[in-house]
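One file, input.tsv, is given below (TSV, C-alpha atoms).
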chain	number	residue	atom	x	y	z
A	125	MET	CA	0.00	0.00	0.00
A	126	ALA	CA	2.75	2.41	0.97
A	127	LYS	CA	4.73	1.50	-2.13
A	128	ARG	CA	1.72	2.15	-4.39
A	129	LEU	CA	1.06	5.54	-2.71
A	130	THR	CA	4.70	6.53	-3.14
A	131	THR	CA	4.62	5.55	-6.82
A	132	GLU	CA	1.43	7.57	-7.36
A	133	LEU	CA	2.88	10.65	-5.66
A	134	CYS	CA	6.06	10.40	-7.70
A	135	GLY	CA	3.99	10.15	-10.89
A	136	ARG	CA	2.01	13.28	-10.03
A	137	PHE	CA	5.22	15.11	-9.18
A	138	MET	CA	6.73	14.21	-12.56
A	139	VAL	CA	3.59	15.44	-14.37
A	140	HIS	CA	3.79	18.80	-12.58
A	141	LEU	CA	7.55	18.98	-13.22
A	142	ARG	CA	7.04	18.39	-16.96
A	143	GLY	CA	4.40	21.10	-17.02
A	144	PHE	CA	6.69	23.52	-15.23
A	145	CYS	CA	9.55	22.78	-17.61
A	146	THR	CA	7.28	23.26	-20.63
A	147	GLN	CA	6.10	26.62	-19.28
A	148	SER	CA	9.71	27.64	-18.63
A	149	VAL	CA	10.73	26.79	-22.18
A	150	VAL	CA	7.77	28.76	-23.58
A	151	SER	CA	8.69	31.71	-21.37
A	152	LEU	CA	12.28	31.59	-22.55
A	153	LEU	CA	11.18	31.42	-26.20
A	154	THR	CA	9.08	34.53	-25.56
A	155	ILE	CA	11.79	36.42	-23.70
A	156	ILE	CA	14.70	35.67	-26.06
A	157	PRO	CA	13.32	37.66	-29.05
A	158	ILE	CA	12.62	40.61	-26.74
A	159	CYS	CA	16.20	40.51	-25.44
A	160	VAL	CA	17.53	40.35	-28.99
A	161	SER	CA	15.40	43.36	-29.96
A	162	LEU	CA	16.66	45.30	-26.96
A	163	LEU	CA	20.23	44.41	-27.92
A	164	PHE	CA	19.75	45.82	-31.43
A	165	MET	CA	18.12	48.93	-29.95
A	166	THR	CA	21.18	49.38	-27.74
A	167	VAL	CA	23.64	49.28	-30.65
A	168	SER	CA	21.46	51.28	-33.02
A	169	THR	CA	23.50	54.43	-32.29
A	170	ARG	CA	26.34	53.01	-34.42
A	171	VAL	CA	26.70	53.20	-38.17
A	172	SER	CA	26.62	49.92	-40.14
A	173	SER	CA	29.99	48.28	-40.80
A	174	ASP	CA	29.53	48.57	-44.59
A	175	GLU	CA	28.95	52.32	-44.35
A	176	VAL	CA	31.93	52.75	-42.02
A	177	ALA	CA	34.11	50.87	-44.52
A	178	ARG	CA	32.86	53.15	-47.32
A	179	ARG	CA	33.68	56.26	-45.28
A	180	LEU	CA	37.13	54.94	-44.39
A	181	ALA	CA	37.87	54.28	-48.07
A	182	ARG	CA	36.82	57.85	-48.86
A	183	PHE	CA	39.09	59.15	-46.09
A	184	LYS	CA	42.09	57.15	-47.35
A	185	ALA	CA	41.58	58.39	-50.91
A	186	ALA	CA	41.25	62.02	-49.76
A	187	ALA	CA	44.36	61.73	-47.56
A	188	LYS	CA	46.35	60.28	-50.46
A	189	ASP	CA	45.24	63.10	-52.78
A	190	ALA	CA	46.19	65.69	-50.14
A	191	GLY	CA	49.56	64.05	-49.47
A	192	LEU	CA	48.69	63.35	-45.82
A	193	ARG	CA	50.22	60.46	-43.91
A	194	LEU	CA	47.69	57.88	-42.68
A	195	THR	CA	48.86	57.43	-39.11
A	196	PRO	CA	47.14	54.88	-36.81
A	197	GLN	CA	45.91	57.78	-34.64
A	198	ARG	CA	44.26	59.56	-37.57
A	199	LEU	CA	42.58	56.35	-38.74
A	200	GLU	CA	41.19	55.58	-35.28
A	201	ILE	CA	39.95	59.13	-34.74
A	202	PHE	CA	38.17	59.16	-38.08
A	203	ARG	CA	36.81	55.65	-37.49
A	204	GLU	CA	35.25	56.78	-34.20
A	205	VAL	CA	33.45	59.73	-35.80
A	206	ALA	CA	32.48	57.70	-38.87
A	207	SER	CA	31.02	54.91	-36.70
A	208	SER	CA	28.81	57.10	-34.52
A	209	LEU	CA	25.32	58.47	-35.08
A	210	GLU	CA	25.68	60.65	-31.98
A	211	HIS	CA	27.63	63.52	-33.62
A	212	PRO	CA	30.33	63.36	-30.91
A	213	ASP	CA	32.42	66.30	-29.74
A	214	ALA	CA	36.21	66.16	-29.46
A	215	GLU	CA	36.16	65.13	-25.78
A	216	THR	CA	33.86	62.18	-26.52
A	217	VAL	CA	36.01	61.09	-29.47
A	218	TYR	CA	39.14	61.34	-27.31
A	219	GLN	CA	37.66	59.22	-24.50
A	220	ALA	CA	36.52	56.51	-26.93
A	221	VAL	CA	39.80	56.37	-28.88
A	222	HIS	CA	41.94	56.57	-25.74
A	223	THR	CA	40.46	53.30	-24.46
A	224	ARG	CA	41.81	51.55	-27.56
A	225	MET	CA	44.93	53.64	-28.12
A	226	THR	CA	46.36	55.10	-24.90
A	227	THR	CA	49.09	57.04	-26.74
A	228	VAL	CA	46.60	59.41	-28.40
A	229	SER	CA	46.32	62.89	-26.87
A	230	LEU	CA	43.40	65.31	-26.75
A	231	ASP	CA	45.45	67.81	-28.76
A	232	THR	CA	45.95	65.20	-31.51
A	233	VAL	CA	42.20	64.55	-31.57
A	234	TYR	CA	41.40	68.26	-31.95
A	235	ARG	CA	43.99	68.80	-34.70
A	236	THR	CA	42.86	65.67	-36.57
A	237	LEU	CA	39.18	66.58	-36.41
A	238	TRP	CA	39.78	70.05	-37.82
A	239	MET	CA	42.03	68.56	-40.50
A	240	LEU	CA	39.19	66.19	-41.46
A	241	ASN	CA	36.82	69.16	-41.51
A	242	ASP	CA	39.16	71.07	-43.83
A	243	LEU	CA	39.29	68.05	-46.14
A	244	GLY	CA	35.48	68.03	-46.31
A	245	LEU	CA	35.28	64.55	-44.80
A	246	ILE	CA	33.34	65.66	-41.74
A	247	SER	CA	31.26	68.72	-40.92
A	248	THR	CA	30.38	70.46	-37.67
A	249	LEU	CA	27.45	71.33	-35.48
A	250	GLY	CA	27.91	74.27	-33.15
A	251	SER	CA	30.00	77.40	-33.09
A	252	ARG	CA	33.78	77.12	-32.97
A	253	ARG	CA	33.61	79.15	-29.75
A	254	GLU	CA	31.36	76.53	-28.15
A	255	SER	CA	31.49	72.74	-27.82
A	256	VAL	CA	31.68	71.64	-31.45
A	257	ARG	CA	30.20	68.31	-32.51
A	258	PHE	CA	31.39	66.44	-35.58
A	259	ASP	CA	29.40	64.64	-38.27
A	260	ALA	CA	30.91	62.15	-40.73
A	261	ASN	CA	27.78	61.63	-42.83
A	262	PRO	CA	28.80	62.79	-46.33
A	263	GLU	CA	25.28	62.62	-47.78
A	264	ARG	CA	23.04	65.69	-48.04
A	265	HIS	CA	20.95	65.80	-44.86
A	266	HIS	CA	19.45	67.97	-42.13
A	267	HIS	CA	19.25	67.68	-38.34
A	268	TYR	CA	16.73	67.10	-35.60
A	269	VAL	CA	18.05	68.31	-32.22
A	270	CYS	CA	16.36	67.61	-28.88
A	271	ILE	CA	16.39	70.69	-26.64
A	272	ARG	CA	16.34	68.52	-23.50
A	273	CYS	CA	18.86	65.70	-23.95
A	274	ASP	CA	20.83	67.37	-26.78
A	275	LYS	CA	20.39	64.33	-29.03
A	276	ALA	CA	21.11	65.11	-32.69
A	277	ARG	CA	19.91	62.93	-35.55
A	278	ASP	CA	20.24	63.19	-39.33
A	279	PHE	CA	17.30	63.10	-41.71
A	280	PRO	CA	17.19	63.48	-45.52
A	281	ASN	CA	14.64	65.63	-47.33
A	282	THR	CA	14.82	66.60	-50.99
A	283	GLN	CA	12.37	69.49	-50.56
A	284	LEU	CA	14.59	71.08	-47.92
A	285	ASP	CA	17.63	70.43	-50.12
A	286	ALA	CA	16.01	72.57	-52.82
A	287	LEU	CA	15.28	75.45	-50.43
A	288	ARG	CA	16.60	78.69	-51.96
A	289	LEU	CA	18.08	81.45	-49.86
A	290	PRO	CA	16.66	84.97	-50.25
A	291	PRO	CA	18.94	87.61	-51.85
A	292	THR	CA	19.18	89.43	-48.51
A	293	VAL	CA	21.29	86.55	-47.14
A	294	ARG	CA	23.89	87.07	-49.87
A	295	GLU	CA	24.06	90.72	-48.89
A	296	LEU	CA	25.18	89.66	-45.41
A	297	GLY	CA	28.18	87.76	-46.74
A	298	SER	CA	29.29	84.61	-48.52
A	299	VAL	CA	27.44	81.32	-47.95
A	300	LEU	CA	29.62	78.25	-47.46
A	301	SER	CA	26.88	75.79	-46.57
A	302	THR	CA	23.23	75.55	-45.61
A	303	HIS	CA	21.05	73.10	-43.75
A	304	VAL	CA	17.79	72.99	-41.82
A	305	GLU	CA	17.88	72.27	-38.10
A	306	VAL	CA	14.62	71.13	-36.51
A	307	ARG	CA	14.50	71.66	-32.75
A	308	GLY	CA	12.06	70.00	-30.40
A	309	ILE	CA	11.64	67.34	-27.71
A	310	CYS	CA	12.54	63.83	-28.85
A	311	ALA	CA	10.20	60.87	-28.40
A	312	SER	CA	12.34	59.39	-25.59
A	313	CYS	CA	12.30	62.58	-23.50
A	314	ALA	CA	8.59	63.11	-24.14
A	315	LYS	CA	7.83	59.53	-23.10
A	316	ARG	CA	9.77	59.92	-19.85
A	317	ALA	CA	7.82	63.10	-19.10
A	318	GLY	CA	4.47	61.64	-20.22
A	319	GLU	CA	4.08	64.25	-22.94
A	320	LYS	CA	3.15	64.19	-26.61
A	321	THR	CA	5.88	65.02	-29.09
A	322	ASP	CA	3.49	67.01	-31.28
A	323	SER	CA	2.16	69.24	-28.49
A	324	PRO	CA	2.79	72.97	-29.06
A	325	PHE	CA	2.67	73.60	-25.31
A	326	LEU	CA	5.53	71.42	-24.13
A	327	SER	CA	7.56	72.89	-21.31
A	328	ARG	CA	11.08	73.65	-22.38
A	329	PRO	CA	14.30	74.60	-20.57
A	330	GLN	CA	16.28	77.71	-21.28
A	331	ASP	CA	17.33	77.73	-24.89
A	332	ARG	CA	20.88	76.74	-25.65
A	333	LYS	CA	22.79	78.80	-28.15
A	334	GLY	CA	21.93	77.74	-31.68
A	335	GLN	CA	24.05	75.21	-33.48
A	336	ARG	CA	25.21	75.51	-37.03
A	337	HIS	CA	25.98	72.72	-39.44
A	338	GLY	CA	25.72	72.36	-43.13
A	339	SER	CA	26.10	70.30	-46.19
A	340	GLN	CA	28.05	71.89	-48.97
A	341	GLN	CA	26.16	74.14	-51.37
A	342	LYS	CA	27.56	75.90	-54.39
A	343	GLU	CA	27.02	79.61	-54.56
Give the structure from the file, written as structure tokens.
Amino acid sequence: MAKRLTTELCGRFMVHLRGFCTQSVVSLLTIIPICVSLLFMTVSTRVSSDEVARRLARFKAAAKDAGLRLTPQRLEIFREVASSLEHPDAETVYQAVHTRMTTVSLDTVYRTLWMLNDLGLISTLGSRRESVRFDANPERHHHYVCIRCDKARDFPNTQLDALRLPPTVRELGSVLSTHVEVRGICASCAKRAGEKTDSPFLSRPQDRKGQRHGSQQKE
């Protein structure tokens, strides 16, 4: 009698254990895709490897034409800017490169970034008197800038590309480049604050000084 009761209890336990294991497997199969999606969201601030390779090839060709030596420091500094969607400033570039190449100095980063700017390989956001951010996207584009978290993102628009400047602008001086900068509160900041991104009555902090960036335009 005792043996039969023990066998019955063990059988019930195994049934429950199989059910638990099945539920656990189903839960894992549900969670894994979510984790993978979150992983891709985390790395989405980096440029694709194919595009980085294309930008590096363009840099090497431009350096060769200009007679510039392709030092390891210059390659790593350009690679960092070319790989980022964040439009990093010189300090951010220095910190990232320094973790991989401890011999690089902040002065080298600054000089290299301005050299790349002079070559037309990168462009800038912000005044030279302020914290300048660098952009390695060579395609014609414009910017969306969040006034809260300072996030800057590129977006293309052919209608804005065709925007013509009024003659009064030419009277002020020469025009080296033009672009449209859209300023607002990004979806992430609005979500954290429980606001709508299209609301015209969003609270905003004190305005930062305007940034300037452009894609090349012939006069």
query: In Å, with one decimal, what is the gap from atom CA of Tyr268 of chain A to atom CA of Glu305 of chain A?
result: 5.9 Å
- request: Have a look at atom CA of Phe202 of chain A and atom CA of Lys275 of chain A and let me know their distance in Å, one decimal.
  value: 20.6 Å
Residue with smallest distance to Gly191 of chain A - pool A:Cys310, A:Cys273, A:Ala286, A:Leu243, counting only C-alpha atoms: A:Leu243
Can you tell me which residues surround Glu204 of chain A at a distance of at most 12 Å, considering only C-alpha atoms, apart from same-chain residues fewer than 4 positions away, and format the answer as a PDB file with C-alpha atoms, keeping the file's coordinate frame?
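Wrote selection_3.pdb, looks like this:
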ATOM      1  CA  ARG A 170      26.340  53.010 -34.420  1.00  0.00           C
ATOM      2  CA  VAL A 171      26.700  53.200 -38.170  1.00  0.00           C
ATOM      3  CA  SER A 173      29.990  48.280 -40.800  1.00  0.00           C
ATOM      4  CA  VAL A 176      31.930  52.750 -42.020  1.00  0.00           C
ATOM      5  CA  ALA A 177      34.110  50.870 -44.520  1.00  0.00           C
ATOM      6  CA  ARG A 179      33.680  56.260 -45.280  1.00  0.00           C
ATOM      7  CA  LEU A 180      37.130  54.940 -44.390  1.00  0.00           C
ATOM      8  CA  GLN A 197      45.910  57.780 -34.640  1.00  0.00           C
ATOM      9  CA  ARG A 198      44.260  59.560 -37.570  1.00  0.00           C
ATOM     10  CA  LEU A 199      42.580  56.350 -38.740  1.00  0.00           C
ATOM     11  CA  GLU A 200      41.190  55.580 -35.280  1.00  0.00           C
ATOM     12  CA  SER A 208      28.810  57.100 -34.520  1.00  0.00           C
ATOM     13  CA  LEU A 209      25.320  58.470 -35.080  1.00  0.00           C
ATOM     14  CA  GLU A 210      25.680  60.650 -31.980  1.00  0.00           C
ATOM     15  CA  HIS A 211      27.630  63.520 -33.620  1.00  0.00           C
ATOM     16  CA  PRO A 212      30.330  63.360 -30.910  1.00  0.00           C
ATOM     17  CA  ASP A 213      32.420  66.300 -29.740  1.00  0.00           C
ATOM     18  CA  ALA A 214      36.210  66.160 -29.460  1.00  0.00           C
ATOM     19  CA  GLU A 215      36.160  65.130 -25.780  1.00  0.00           C
ATOM     20  CA  THR A 216      33.860  62.180 -26.520  1.00  0.00           C
ATOM     21  CA  VAL A 217      36.010  61.090 -29.470  1.00  0.00           C
ATOM     22  CA  TYR A 218      39.140  61.340 -27.310  1.00  0.00           C
ATOM     23  CA  GLN A 219      37.660  59.220 -24.500  1.00  0.00           C
ATOM     24  CA  ALA A 220      36.520  56.510 -26.930  1.00  0.00           C
ATOM     25  CA  VAL A 221      39.800  56.370 -28.880  1.00  0.00           C
ATOM     26  CA  HIS A 222      41.940  56.570 -25.740  1.00  0.00           C
ATOM     27  CA  THR A 223      40.460  53.300 -24.460  1.00  0.00           C
ATOM     28  CA  ARG A 224      41.810  51.550 -27.560  1.00  0.00           C
ATOM     29  CA  MET A 225      44.930  53.640 -28.120  1.00  0.00           C
ATOM     30  CA  VAL A 233      42.200  64.550 -31.570  1.00  0.00           C
ATOM     31  CA  THR A 236      42.860  65.670 -36.570  1.00  0.00           C
ATOM     32  CA  LEU A 237      39.180  66.580 -36.410  1.00  0.00           C
ATOM     33  CA  ILE A 246      33.340  65.660 -41.740  1.00  0.00           C
ATOM     34  CA  PHE A 258      31.390  66.440 -35.580  1.00  0.00           C
ATOM     35  CA  ASP A 259      29.400  64.640 -38.270  1.00  0.00           C
ATOM     36  CA  ALA A 260      30.910  62.150 -40.730  1.00  0.00           C
TER      37      ALA A 260
END
